[in-house]
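Accompanying notes for the structure given below.
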2 protein chains.
Amino acid sequence: MEANKLTSEQTLENTETRHFTLVSPLEELVLESGEKLSPVTVAYETYGALNARKSNAVLVLHGLSGDAHAAGSSKSDSALGWWNDLIGPGKGIDTDKYFVICTNVLGGCRGTTGPSSINPATGKPYGGDFPLITIGDMVQAQRCLIDHLGIQRLLAVVGGSMGGMQVLQWMVSYPDRICGAIPIATTMKHTPQQIAFNEVGRQAVMADPNWKGGNYYGGPVPAKGLAVARMIGHITYMSDTSMAEKFGRRIRQEKEPFKFSAEFEVEGYLRYRSDNFVKRFDANSYLYITKALDLFNILNGHKLADVFRGLKAKVFVIAFKSDWLYPTYQSQEIVKACKLASVDASYCEISSTYGHDAFLLETEQLTTLIRDFLNTIANGNGDKK
Amino acid sequence: MEANKLTSEQTLENTETRHFTLVSPLEELVLESGEKLSPVTVAYETYGALNARKSNAVLVLHGLSGDAHAAGSSKSDSALGWWNDLIGPGKGIDTDKYFVICTNVLGGCRGTTGPSSINPATGKPYGGDFPLITIGDMVQAQRCLIDHLGIQRLLAVVGGSMGGMQVLQWMVSYPDRICGAIPIATTMKHTPQQIAFNEVGRQAVMADPNWKGGNYYGGPVPAKGLAVARMIGHITYMSDTSMAEKFGRRIRQEKEPFKFSAEFEVEGYLRYRSDNFVKRFDANSYLYITKALDLFNILNGHKLADVFRGLKAKVFVIAFKSDWLYPTYQSQEIVKACKLASVDASYCEISSTYGHDAFLLETEQLTTLIRDFLNTIANGNGDKK
């Protein structure tokens, strides 16, 4: 089929984000904290067709700043999906074979209910009154959507970084609803260093006088604080090597005549990227989602050997050598937990200089690995093509 | 002499910071940028006695947030010096043998002229009008003080991090004025990653509305911005391992009843440490000094083989395995540059989990290494004791 090429250049056209009212104003979603949320809307996109047996669905889970637009060229603005190189006709996650679903996470700001949504109790955006959400809550919302789509069992769940945490959560919360799981560049729980980077980002947002306890909607947004938070993030997503290769110590051609201007290219890049981020992302969502990351602990009091006990799904753990934000030892620990629980798990460590960003950039290597793994599960599932 | 003990517990009493008017209002210090500064005061401390030949002086150089108070118990507030475990009677830098000098850097805020000093042109603090300073300017000011003290040749210059950069600068600017040099946990030039961390800190300070272009003296200081900058710093000073050992994922006992409160101990620690920092450090000095770090490039257009050409001083480079802010490869590059220039250089890589902070914390290992090296130079210098 793919003949001699490993990757496909084909891009899905006119992909569209749909919105599903997961929880009507008459119902409530009970969160892990015990708090209740209503109504709840989930933004999602799908690519490819669900087969008659509803057995070819692959759920793609996004990272901190991602959204439901994982693939294709958007109908509204032609923007390409964040994993477009991996998802599409003939690609690693082949939309000719699989029905691919991607949802924006609960607490987000890209169509799914989050702190910028209207609080029915006040008629105004929740802001700081939005309840704390967890990775478990995000996954619960996804499971509701899967129910709505009539899918009993997903062929696979796949995601990197925070998406990988959601994969782990699926493995624990709904082990019977998945045939395969691909956690990429992720961890079972944050270390103090990972918490610390997020905490500094949150502090930067909350230090911005425009933040106002989270109730800034309708007025100026805490743009400067969020930009600083995002810059910190960007440093941790790249590696020492990838930054050196990309920027060196090059000085920008047109720098402002100011002594603390962005003199080095790396400074200009960070400012540019973070300014862009501020335009499309809500500062409160940043706070809520990073807190969900820090609170995540899939062990949740269990022993390492017990956390994945009884899981029948096949697991494929992927990590990147230069990723220092989610170091490979954390992925190895996931593999160990699987092995201790006799789960069918395999592991691949990809050579890359991209650091944590590799999960978005090393799509050629990911294509081969993920295609083969999905083929294996689909075959085991009786879904030969 | 030291018999069976490697380290000494003796602390110097009543150490005091003195202030020397390096450049009187009638003179000018010409900076590397070509700008002129006048007057210039240098804050410094000395420990031990200068011998008759004035050949036993060791200049200690501090890092970003250090000051002249390197050793002993301060006469004013009994605070211990930042390298007290290493400097004192019978210690690694033995004040019974050596005359130890430490100065606050130019651009600082701990007694030496910096952005918070009075600008004679306006009668108000310089603020954003303070000229850009470089590591070379800092070292020039130190050289003036050494001249004033009548010392032709320092037995050694020693320092970690930014102090190590000053050591490298001494090796290049005043090669004939030093017998030995000990650059610790440092680099010949910042990588884009190192620049990026500093840049984010600067952005955090400048995003604080209290910063006001640097002219905040007399009003509220940009405390929140500086605190965020310092938190970022703290993360980079520690290692993943040392953070895990110190904090784990422990939750604080008495946390504020707020959803973005400092829940984890690591969060509380970062907030506490950065709040303390803000009390003793000037935000503008943070901007100027980090910019000096980023602009530092000891190669300055020279080939690696030429930068230390002709240096007669012995060099001892020290690095720490878990230091990811100034990774060991950067220290190895310094050694390589020395070797290519036939400079007498040795290298030691210390096993430590403390990360970059190791240069302040691994004082027991540093004691032995530095003591032996100073003995060797002193002996070669005819200063046997």
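If you're wondering about the labels, chains in the structure tokens are A, B, ... by order shown, residues count from 1 in each chain, ligands from 1 in order shown.
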
Would you mind listing, for every residue of range 172-280 of chain B within 7 Å of range 323-330 of chain B, the two atoms forming the shortest contact and the distance between them in Å to one decimal, using only C-alpha atoms, sorted by chain and ascending residue number, as a tab-separated table?
```
residue	atom	partner	partner_atom	distance
B:Ala185	CA	B:Tyr326	CA	6.0
B:Thr186	CA	B:Tyr326	CA	5.8
B:Thr187	CA	B:Gln330	CA	5.2
B:Gln194	CA	B:Leu325	CA	7.0
B:Thr236	CA	B:Leu325	CA	5.8
B:Tyr237	CA	B:Leu325	CA	6.8
B:Ser239	CA	B:Asp323	CA	6.8
```

Task: In range 39-265 of chain B, DSSP helix (DSSP H, G or I) residues written as a PyMOL selection string - done: chain B and resi 127-129+135-148+162-173+175-177+192-207+212-214+223-237+240-247+265

May I have the selected residues written with C-alpha atoms, as a tab-separated table (two decimals), in the first residue's frame?
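Result went into part-v2.tsv, see below:
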```
chain	number	residue	atom	x	y	z
B	127	GLY	CA	18.09	53.43	37.49
B	128	GLY	CA	17.80	52.71	33.78
B	129	ASP	CA	20.44	55.36	33.01
B	135	ILE	CA	32.54	41.08	33.20
B	136	GLY	CA	35.62	42.93	31.88
B	137	ASP	CA	34.46	46.11	33.65
B	138	MET	CA	33.96	44.21	36.90
B	139	VAL	CA	37.48	42.84	36.67
B	140	GLN	CA	38.93	46.24	35.78
B	141	ALA	CA	37.43	47.62	39.00
B	142	GLN	CA	38.96	44.75	40.96
B	143	ARG	CA	42.34	45.41	39.37
B	144	CYS	CA	42.13	49.04	40.49
B	145	LEU	CA	41.50	47.88	44.06
B	146	ILE	CA	44.46	45.47	43.85
B	147	ASP	CA	46.62	48.37	42.67
B	148	HIS	CA	45.41	50.43	45.60
B	162	MET	CA	29.87	34.30	37.34
B	163	GLY	CA	32.88	34.34	39.68
B	164	GLY	CA	34.45	31.78	37.36
B	165	MET	CA	33.86	34.07	34.40
B	166	GLN	CA	35.73	36.80	36.25
B	167	VAL	CA	38.57	34.30	36.80
B	168	LEU	CA	38.70	33.68	33.03
B	169	GLN	CA	38.64	37.44	32.45
B	170	TRP	CA	41.63	37.90	34.80
B	171	MET	CA	43.47	35.19	32.83
B	172	VAL	CA	42.94	37.17	29.63
B	173	SER	CA	42.99	40.83	30.78
B	175	PRO	CA	47.71	37.43	32.78
B	176	ASP	CA	50.85	38.83	34.44
B	177	ARG	CA	49.02	39.81	37.61
B	192	PRO	CA	21.33	30.17	23.97
B	193	GLN	CA	19.77	28.11	26.77
B	194	GLN	CA	21.72	30.02	29.41
B	195	ILE	CA	20.83	33.32	27.74
B	196	ALA	CA	17.20	32.24	27.53
B	197	PHE	CA	16.90	31.54	31.26
B	198	ASN	CA	18.34	34.98	32.02
B	199	GLU	CA	16.16	36.64	29.43
B	200	VAL	CA	13.00	35.18	30.95
B	201	GLY	CA	14.10	36.48	34.34
B	202	ARG	CA	14.64	39.93	32.87
B	203	GLN	CA	11.26	39.80	31.15
B	204	ALA	CA	9.64	38.92	34.47
B	205	VAL	CA	11.25	41.96	36.13
B	206	MET	CA	10.41	44.31	33.28
B	207	ALA	CA	6.81	43.00	33.12
B	212	LYS	CA	8.93	51.69	35.42
B	213	GLY	CA	11.86	51.47	33.05
B	214	GLY	CA	14.19	51.04	36.02
B	223	ALA	CA	9.23	42.68	43.91
B	224	LYS	CA	6.90	40.21	42.20
B	225	GLY	CA	8.84	40.30	38.94
B	226	LEU	CA	12.18	39.87	40.70
B	227	ALA	CA	10.75	37.01	42.77
B	228	VAL	CA	9.71	35.17	39.61
B	229	ALA	CA	13.16	35.77	38.11
B	230	ARG	CA	14.81	34.37	41.22
B	231	MET	CA	12.56	31.31	41.27
B	232	ILE	CA	13.63	30.47	37.72
B	233	GLY	CA	17.22	30.88	38.88
B	234	HIS	CA	16.73	28.55	41.83
B	235	ILE	CA	15.37	25.77	39.63
B	236	THR	CA	18.45	25.99	37.42
B	237	TYR	CA	20.81	26.01	40.41
B	240	ASP	CA	16.44	17.08	39.30
B	241	THR	CA	17.97	14.69	41.85
B	242	SER	CA	18.67	17.26	44.56
B	243	MET	CA	15.13	18.62	44.25
B	244	ALA	CA	13.70	15.11	44.46
B	245	GLU	CA	15.82	14.39	47.55
B	246	LYS	CA	14.95	17.68	49.21
B	247	PHE	CA	11.23	17.85	48.49
B	265	GLU	CA	6.94	21.89	49.56
```

Please return the superposed copy of chain A as a compact mmCIF listing (two decimals) with C-alpha atoms, in the first residue's frame; the fit should be least squares onto chain B across all sequentially paired Cα atoms.
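Output file result-v4.txt follows:
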```
# COMPACT_ATOMS: atom_id res chain seq x y z
CA MET A 1 49.50 21.44 60.72
CA GLU A 2 46.00 20.32 59.85
CA ALA A 3 46.84 16.96 61.41
CA ASN A 4 43.94 14.60 60.81
CA LYS A 5 41.21 16.97 59.92
CA LEU A 6 40.49 18.20 56.46
CA THR A 7 38.18 21.03 57.36
CA SER A 8 38.23 23.66 60.05
CA GLU A 9 35.26 24.78 62.10
CA GLN A 10 36.83 28.12 62.97
CA THR A 11 34.92 31.15 61.84
CA LEU A 12 36.41 34.62 61.54
CA GLU A 13 34.74 37.05 63.91
CA ASN A 14 33.55 40.57 63.20
CA THR A 15 34.33 40.70 59.51
CA GLU A 16 33.48 44.02 57.96
CA THR A 17 32.79 45.39 54.52
CA ARG A 18 34.92 48.42 53.67
CA HIS A 19 34.32 50.88 50.87
CA PHE A 20 37.03 52.23 48.62
CA THR A 21 36.48 55.16 46.33
CA LEU A 22 38.07 53.65 43.27
CA VAL A 23 37.36 56.59 41.05
CA SER A 24 36.94 59.98 42.65
CA PRO A 25 34.38 62.45 41.30
CA LEU A 26 37.30 64.08 39.48
CA GLU A 27 38.27 60.94 37.55
CA GLU A 28 36.42 58.52 35.29
CA LEU A 29 36.33 54.78 34.82
CA VAL A 30 36.21 54.01 31.10
CA LEU A 31 33.95 51.03 30.52
CA GLU A 32 34.27 48.46 27.73
CA SER A 33 31.31 50.10 26.01
CA GLY A 34 33.25 53.37 25.88
CA GLU A 35 30.92 54.99 28.39
CA LYS A 36 32.44 56.62 31.44
CA LEU A 37 31.48 56.18 35.07
CA SER A 38 32.34 58.52 37.97
CA PRO A 39 32.57 58.30 40.91
CA VAL A 40 33.06 54.58 41.51
CA THR A 41 33.08 52.94 44.91
CA VAL A 42 34.05 49.33 45.52
CA ALA A 43 32.83 47.41 48.55
CA TYR A 44 35.31 44.77 49.73
CA GLU A 45 36.32 42.60 52.62
CA THR A 46 39.71 41.15 53.46
CA TYR A 47 40.64 38.29 55.75
CA GLY A 48 44.09 37.31 57.01
CA ALA A 49 47.22 39.40 56.63
CA LEU A 50 49.12 40.48 53.58
CA ASN A 51 52.73 39.28 53.91
CA ALA A 52 55.73 41.55 53.51
CA ARG A 53 56.31 40.48 49.92
CA LYS A 54 52.62 41.05 49.17
CA SER A 55 52.67 37.66 47.49
CA ASN A 56 49.99 35.79 49.42
CA ALA A 57 46.82 37.52 48.19
CA VAL A 58 43.91 35.41 46.97
CA LEU A 59 41.06 37.21 45.23
CA VAL A 60 37.68 35.52 45.66
CA LEU A 61 35.03 36.36 43.07
CA HIS A 62 31.32 36.03 43.70
CA GLY A 63 28.41 34.80 41.61
CA LEU A 64 25.29 36.62 40.44
CA SER A 65 23.72 37.23 43.84
CA GLY A 66 26.81 37.21 46.05
CA ASP A 67 28.60 40.11 47.69
CA ALA A 68 31.87 41.11 49.36
CA HIS A 69 30.97 39.23 52.54
CA ALA A 70 32.53 35.91 51.57
CA ALA A 71 33.69 34.74 54.98
CA GLY A 72 33.32 35.08 58.69
CA SER A 73 30.62 36.39 60.95
CA SER A 74 29.63 39.92 60.02
CA LYS A 75 30.29 42.60 62.60
CA SER A 76 26.98 44.30 61.80
CA ASP A 77 24.52 41.39 61.80
CA SER A 78 26.52 38.21 62.51
CA ALA A 79 25.57 36.82 59.08
CA LEU A 80 28.01 34.23 57.81
CA GLY A 81 29.83 34.81 54.52
CA TRP A 82 28.63 32.96 51.43
CA TRP A 83 31.82 30.86 51.28
CA ASN A 84 32.47 30.73 55.02
CA ASP A 85 33.00 26.96 54.94
CA LEU A 86 35.87 27.43 52.53
CA ILE A 87 37.55 30.59 53.82
CA GLY A 88 38.97 31.01 57.34
CA PRO A 89 41.69 29.85 59.71
CA GLY A 90 42.79 26.35 58.69
CA LYS A 91 40.18 26.15 55.95
CA GLY A 92 40.59 25.43 52.21
CA ILE A 93 41.50 29.04 51.58
CA ASP A 94 43.46 29.38 54.79
CA THR A 95 43.44 32.89 56.26
CA ASP A 96 46.40 31.88 58.46
CA LYS A 97 48.41 31.66 55.25
CA TYR A 98 46.70 33.87 52.73
CA PHE A 99 45.40 37.41 52.51
CA VAL A 100 41.93 36.91 51.07
CA ILE A 101 40.08 39.70 49.26
CA CYS A 102 36.50 39.71 48.06
CA THR A 103 34.82 42.64 46.29
CA ASN A 104 31.21 43.28 45.37
CA VAL A 105 30.97 43.48 41.56
CA LEU A 106 30.47 46.67 39.58
CA GLY A 107 26.77 47.02 38.79
CA GLY A 108 25.88 45.28 42.03
CA CYS A 109 23.79 46.55 44.91
CA ARG A 110 25.82 45.49 47.91
CA GLY A 111 28.05 48.51 48.32
CA THR A 112 29.75 48.80 44.95
CA THR A 113 28.53 51.39 42.45
CA GLY A 114 25.53 50.14 40.51
CA PRO A 115 22.16 51.26 39.13
CA SER A 116 20.86 52.08 42.63
CA SER A 117 23.80 54.47 43.24
CA ILE A 118 23.37 58.21 42.94
CA ASN A 119 23.96 59.59 39.46
CA PRO A 120 25.95 62.80 40.04
CA ALA A 121 24.38 64.33 36.93
CA THR A 122 20.89 64.22 38.45
CA GLY A 123 21.38 63.72 42.17
CA LYS A 124 19.05 60.72 41.91
CA PRO A 125 19.71 56.97 41.53
CA TYR A 126 20.85 55.98 38.04
CA GLY A 127 18.09 53.44 37.49
CA GLY A 128 17.79 52.72 33.78
CA ASP A 129 20.44 55.36 33.01
CA PHE A 130 23.24 53.28 34.47
CA PRO A 131 25.58 52.24 31.65
CA LEU A 132 25.79 48.60 30.52
CA ILE A 133 28.62 46.88 32.34
CA THR A 134 30.59 43.78 31.39
CA ILE A 135 32.54 41.09 33.20
CA GLY A 136 35.61 42.94 31.87
CA ASP A 137 34.47 46.11 33.63
CA MET A 138 33.96 44.22 36.91
CA VAL A 139 37.48 42.83 36.66
CA GLN A 140 38.92 46.24 35.78
CA ALA A 141 37.42 47.62 38.99
CA GLN A 142 38.96 44.74 40.96
CA ARG A 143 42.33 45.40 39.37
CA CYS A 144 42.14 49.04 40.49
CA LEU A 145 41.52 47.89 44.07
CA ILE A 146 44.44 45.47 43.86
CA ASP A 147 46.62 48.37 42.66
CA HIS A 148 45.42 50.43 45.59
CA LEU A 149 46.34 47.62 47.98
CA GLY A 150 49.81 47.63 46.44
CA ILE A 151 49.59 44.06 45.22
CA GLN A 152 51.46 43.50 42.00
CA ARG A 153 50.58 39.86 41.57
CA LEU A 154 47.77 37.83 43.09
CA LEU A 155 48.63 34.36 44.26
CA ALA A 156 45.32 33.21 42.84
CA VAL A 157 41.91 34.26 41.62
CA VAL A 158 39.09 31.86 42.44
CA GLY A 159 35.35 31.87 41.89
CA GLY A 160 32.35 29.85 40.77
CA SER A 161 29.65 30.58 38.20
CA MET A 162 29.87 34.30 37.36
CA GLY A 163 32.88 34.34 39.70
CA GLY A 164 34.44 31.78 37.36
CA MET A 165 33.87 34.07 34.40
CA GLN A 166 35.74 36.80 36.26
CA VAL A 167 38.57 34.31 36.80
CA LEU A 168 38.69 33.69 33.04
CA GLN A 169 38.64 37.44 32.46
CA TRP A 170 41.61 37.89 34.80
CA MET A 171 43.46 35.18 32.83
CA VAL A 172 42.94 37.16 29.63
CA SER A 173 42.99 40.82 30.78
CA TYR A 174 45.77 40.65 33.38
CA PRO A 175 47.70 37.41 32.78
CA ASP A 176 50.82 38.81 34.43
CA ARG A 177 49.01 39.79 37.61
CA ILE A 178 48.07 36.22 38.66
CA CYS A 179 50.03 33.10 39.61
CA GLY A 180 47.04 30.79 39.68
CA ALA A 181 43.43 30.68 38.56
CA ILE A 182 40.55 28.46 39.70
CA PRO A 183 37.46 28.81 37.51
CA ILE A 184 34.66 26.71 38.98
CA ALA A 185 31.37 25.61 37.37
CA THR A 186 31.59 28.21 34.66
CA THR A 187 31.84 28.80 30.93
CA MET A 188 33.73 30.82 28.34
CA LYS A 189 30.42 32.04 26.91
CA HIS A 190 26.73 31.51 27.48
CA THR A 191 24.78 29.12 25.28
CA PRO A 192 21.35 30.17 23.98
CA GLN A 193 19.79 28.10 26.77
CA GLN A 194 21.73 30.02 29.42
CA ILE A 195 20.85 33.32 27.75
CA ALA A 196 17.22 32.24 27.54
CA PHE A 197 16.91 31.54 31.27
CA ASN A 198 18.35 34.98 32.03
CA GLU A 199 16.16 36.65 29.44
CA VAL A 200 13.02 35.17 30.96
CA GLY A 201 14.11 36.48 34.35
CA ARG A 202 14.66 39.93 32.88
CA GLN A 203 11.28 39.80 31.16
CA ALA A 204 9.66 38.92 34.48
CA VAL A 205 11.27 41.97 36.14
CA MET A 206 10.41 44.31 33.28
CA ALA A 207 6.83 42.98 33.12
CA ASP A 208 6.31 44.19 36.69
CA PRO A 209 4.50 47.55 36.49
CA ASN A 210 6.57 48.74 39.45
CA TRP A 211 9.72 48.48 37.37
CA LYS A 212 8.94 51.68 35.42
CA GLY A 213 11.88 51.50 33.06
CA GLY A 214 14.18 51.05 36.02
CA ASN A 215 13.24 54.28 37.77
CA TYR A 216 11.37 52.89 40.76
CA TYR A 217 13.60 54.11 43.58
CA GLY A 218 11.67 55.89 46.30
CA GLY A 219 8.52 53.98 45.34
CA PRO A 220 7.44 50.33 45.42
CA VAL A 221 10.04 47.97 43.94
CA PRO A 222 9.27 45.36 41.25
CA ALA A 223 9.23 42.67 43.92
CA LYS A 224 6.90 40.21 42.18
CA GLY A 225 8.84 40.29 38.94
CA LEU A 226 12.18 39.87 40.70
CA ALA A 227 10.76 37.00 42.77
CA VAL A 228 9.71 35.16 39.59
CA ALA A 229 13.17 35.76 38.10
CA ARG A 230 14.81 34.38 41.22
CA MET A 231 12.57 31.31 41.26
CA ILE A 232 13.64 30.47 37.72
CA GLY A 233 17.22 30.87 38.87
CA HIS A 234 16.74 28.54 41.82
CA ILE A 235 15.38 25.77 39.62
CA THR A 236 18.45 25.99 37.42
CA TYR A 237 20.82 26.02 40.41
CA MET A 238 19.50 22.71 41.72
CA SER A 239 19.40 19.34 39.99
CA ASP A 240 16.45 17.07 39.29
CA THR A 241 17.98 14.69 41.83
CA SER A 242 18.67 17.26 44.55
CA MET A 243 15.14 18.61 44.24
CA ALA A 244 13.70 15.10 44.44
CA GLU A 245 15.82 14.38 47.53
CA LYS A 246 14.94 17.67 49.20
CA PHE A 247 11.23 17.83 48.47
CA GLY A 248 9.82 14.72 46.83
CA ARG A 249 6.13 15.37 46.23
CA ARG A 250 5.48 16.27 49.84
CA ILE A 251 2.51 18.50 50.48
CA ARG A 252 2.90 21.42 52.85
CA GLN A 253 1.18 21.12 56.20
CA GLU A 254 -0.17 24.62 56.45
CA LYS A 255 -1.25 25.69 53.05
CA GLU A 256 -3.41 28.64 52.36
CA PRO A 257 -6.99 27.79 51.41
CA PHE A 258 -6.53 28.79 47.79
CA LYS A 259 -6.40 26.60 44.74
CA PHE A 260 -3.19 28.05 43.36
CA SER A 261 -1.47 28.19 46.73
CA ALA A 262 1.95 26.67 47.29
CA GLU A 263 0.70 23.13 47.80
CA PHE A 264 3.92 21.23 47.33
CA GLU A 265 6.93 21.87 49.54
CA VAL A 266 9.01 22.75 46.53
CA GLU A 267 6.58 25.58 45.77
CA GLY A 268 6.76 26.93 49.31
CA TYR A 269 10.55 26.75 49.24
CA LEU A 270 10.80 28.69 45.98
CA ARG A 271 8.45 31.38 47.24
CA TYR A 272 10.30 31.67 50.55
CA ARG A 273 13.74 31.86 48.96
CA SER A 274 12.71 34.35 46.33
CA ASP A 275 10.93 36.57 48.86
CA ASN A 276 14.15 36.67 50.88
CA PHE A 277 16.15 37.52 47.80
CA VAL A 278 13.90 40.43 46.94
CA LYS A 279 14.62 41.98 50.33
CA ARG A 280 18.36 42.13 49.75
CA PHE A 281 18.77 42.52 46.02
CA ASP A 282 18.04 45.32 43.59
CA ALA A 283 16.02 44.42 40.50
CA ASN A 284 18.05 46.70 38.23
CA SER A 285 21.28 45.07 39.39
CA TYR A 286 19.68 41.77 38.42
CA LEU A 287 19.08 43.10 34.91
CA TYR A 288 22.55 44.61 34.50
CA ILE A 289 24.44 41.66 35.91
CA THR A 290 22.53 38.99 33.98
CA LYS A 291 23.10 41.01 30.82
CA ALA A 292 26.83 41.09 31.60
CA LEU A 293 26.70 37.29 31.91
CA ASP A 294 24.98 36.92 28.55
CA LEU A 295 27.33 39.31 26.77
CA PHE A 296 30.41 37.59 28.20
CA ASN A 297 32.45 35.79 25.56
CA ILE A 298 36.06 35.31 26.54
CA LEU A 299 36.86 34.11 23.01
CA ASN A 300 35.93 37.54 21.68
CA GLY A 301 36.71 36.58 18.11
CA HIS A 302 39.84 34.61 18.97
CA LYS A 303 40.38 30.96 18.14
CA LEU A 304 40.08 28.53 21.03
CA ALA A 305 43.83 27.84 20.82
CA ASP A 306 44.70 31.53 21.12
CA VAL A 307 42.49 32.85 23.90
CA PHE A 308 44.84 31.89 26.75
CA ARG A 309 48.06 32.02 24.68
CA GLY A 310 51.08 33.13 26.72
CA LEU A 311 49.41 32.70 30.12
CA LYS A 312 52.02 31.62 32.69
CA ALA A 313 49.61 31.12 35.58
CA LYS A 314 48.62 27.61 36.61
CA VAL A 315 44.95 26.89 36.01
CA PHE A 316 42.73 24.47 37.90
CA VAL A 317 39.27 23.98 36.39
CA ILE A 318 36.57 22.43 38.57
CA ALA A 319 33.10 21.28 37.48
CA PHE A 320 30.24 19.27 38.98
CA LYS A 321 28.66 16.28 37.28
CA SER A 322 25.04 17.21 38.09
CA ASP A 323 25.40 20.88 37.12
CA TRP A 324 23.08 21.24 34.12
CA LEU A 325 23.13 25.05 34.10
CA TYR A 326 26.90 25.12 33.48
CA PRO A 327 27.38 21.58 32.17
CA THR A 328 30.78 19.92 32.54
CA TYR A 329 31.42 20.10 28.79
CA GLN A 330 31.80 23.86 29.19
CA SER A 331 34.52 23.41 31.81
CA GLN A 332 36.20 20.79 29.64
CA GLU A 333 36.25 23.35 26.86
CA ILE A 334 38.17 25.74 29.13
CA VAL A 335 40.70 23.00 29.84
CA LYS A 336 40.99 22.33 26.12
CA ALA A 337 41.62 26.01 25.40
CA CYS A 338 44.35 26.01 28.05
CA LYS A 339 45.97 22.84 26.73
CA LEU A 340 45.91 24.13 23.15
CA ALA A 341 47.77 27.21 24.39
CA SER A 342 50.25 25.12 26.42
CA VAL A 343 48.94 26.56 29.66
CA ASP A 344 49.56 24.43 32.75
CA ALA A 345 45.96 23.35 33.39
CA SER A 346 44.40 20.56 35.41
CA TYR A 347 40.78 19.53 35.72
CA CYS A 348 38.58 17.91 38.31
CA GLU A 349 34.98 16.82 37.90
CA ILE A 350 33.32 16.44 41.27
CA SER A 351 30.55 13.90 41.85
CA SER A 352 27.70 15.78 43.44
CA THR A 353 23.93 15.74 43.20
CA TYR A 354 23.61 19.42 44.11
CA GLY A 355 23.65 20.73 40.55
CA HIS A 356 25.09 24.20 40.03
CA ASP A 357 24.66 24.99 43.75
CA ALA A 358 27.46 22.48 44.36
CA PHE A 359 30.03 25.27 44.04
CA LEU A 360 28.56 26.72 47.26
CA LEU A 361 27.71 23.43 48.96
CA GLU A 362 30.44 20.89 48.17
CA THR A 363 32.88 22.78 50.35
CA GLU A 364 34.46 19.66 51.84
CA GLN A 365 35.59 18.38 48.44
CA LEU A 366 36.54 21.90 47.35
CA THR A 367 38.57 22.36 50.54
CA THR A 368 41.02 19.58 49.69
CA LEU A 369 41.29 20.48 46.04
CA ILE A 370 41.77 24.21 46.50
CA ARG A 371 44.11 23.85 49.51
CA ASP A 372 46.43 21.57 47.54
CA PHE A 373 46.37 23.78 44.48
CA LEU A 374 47.12 26.94 46.49
CA ASN A 375 49.95 25.12 48.30
CA THR A 376 51.46 24.17 44.96
CA ILE A 377 51.38 27.71 43.61
CA ALA A 378 52.58 29.20 46.89
CA ASN A 379 55.50 26.76 46.91
CA GLY A 380 56.33 27.54 43.29
CA ASN A 381 56.12 31.18 44.25
CA GLY A 382 58.66 30.79 47.03
CA ASP A 383 55.99 31.25 49.70
CA LYS A 384 56.49 28.04 51.63
CA LYS A 385 55.03 28.00 55.07
```
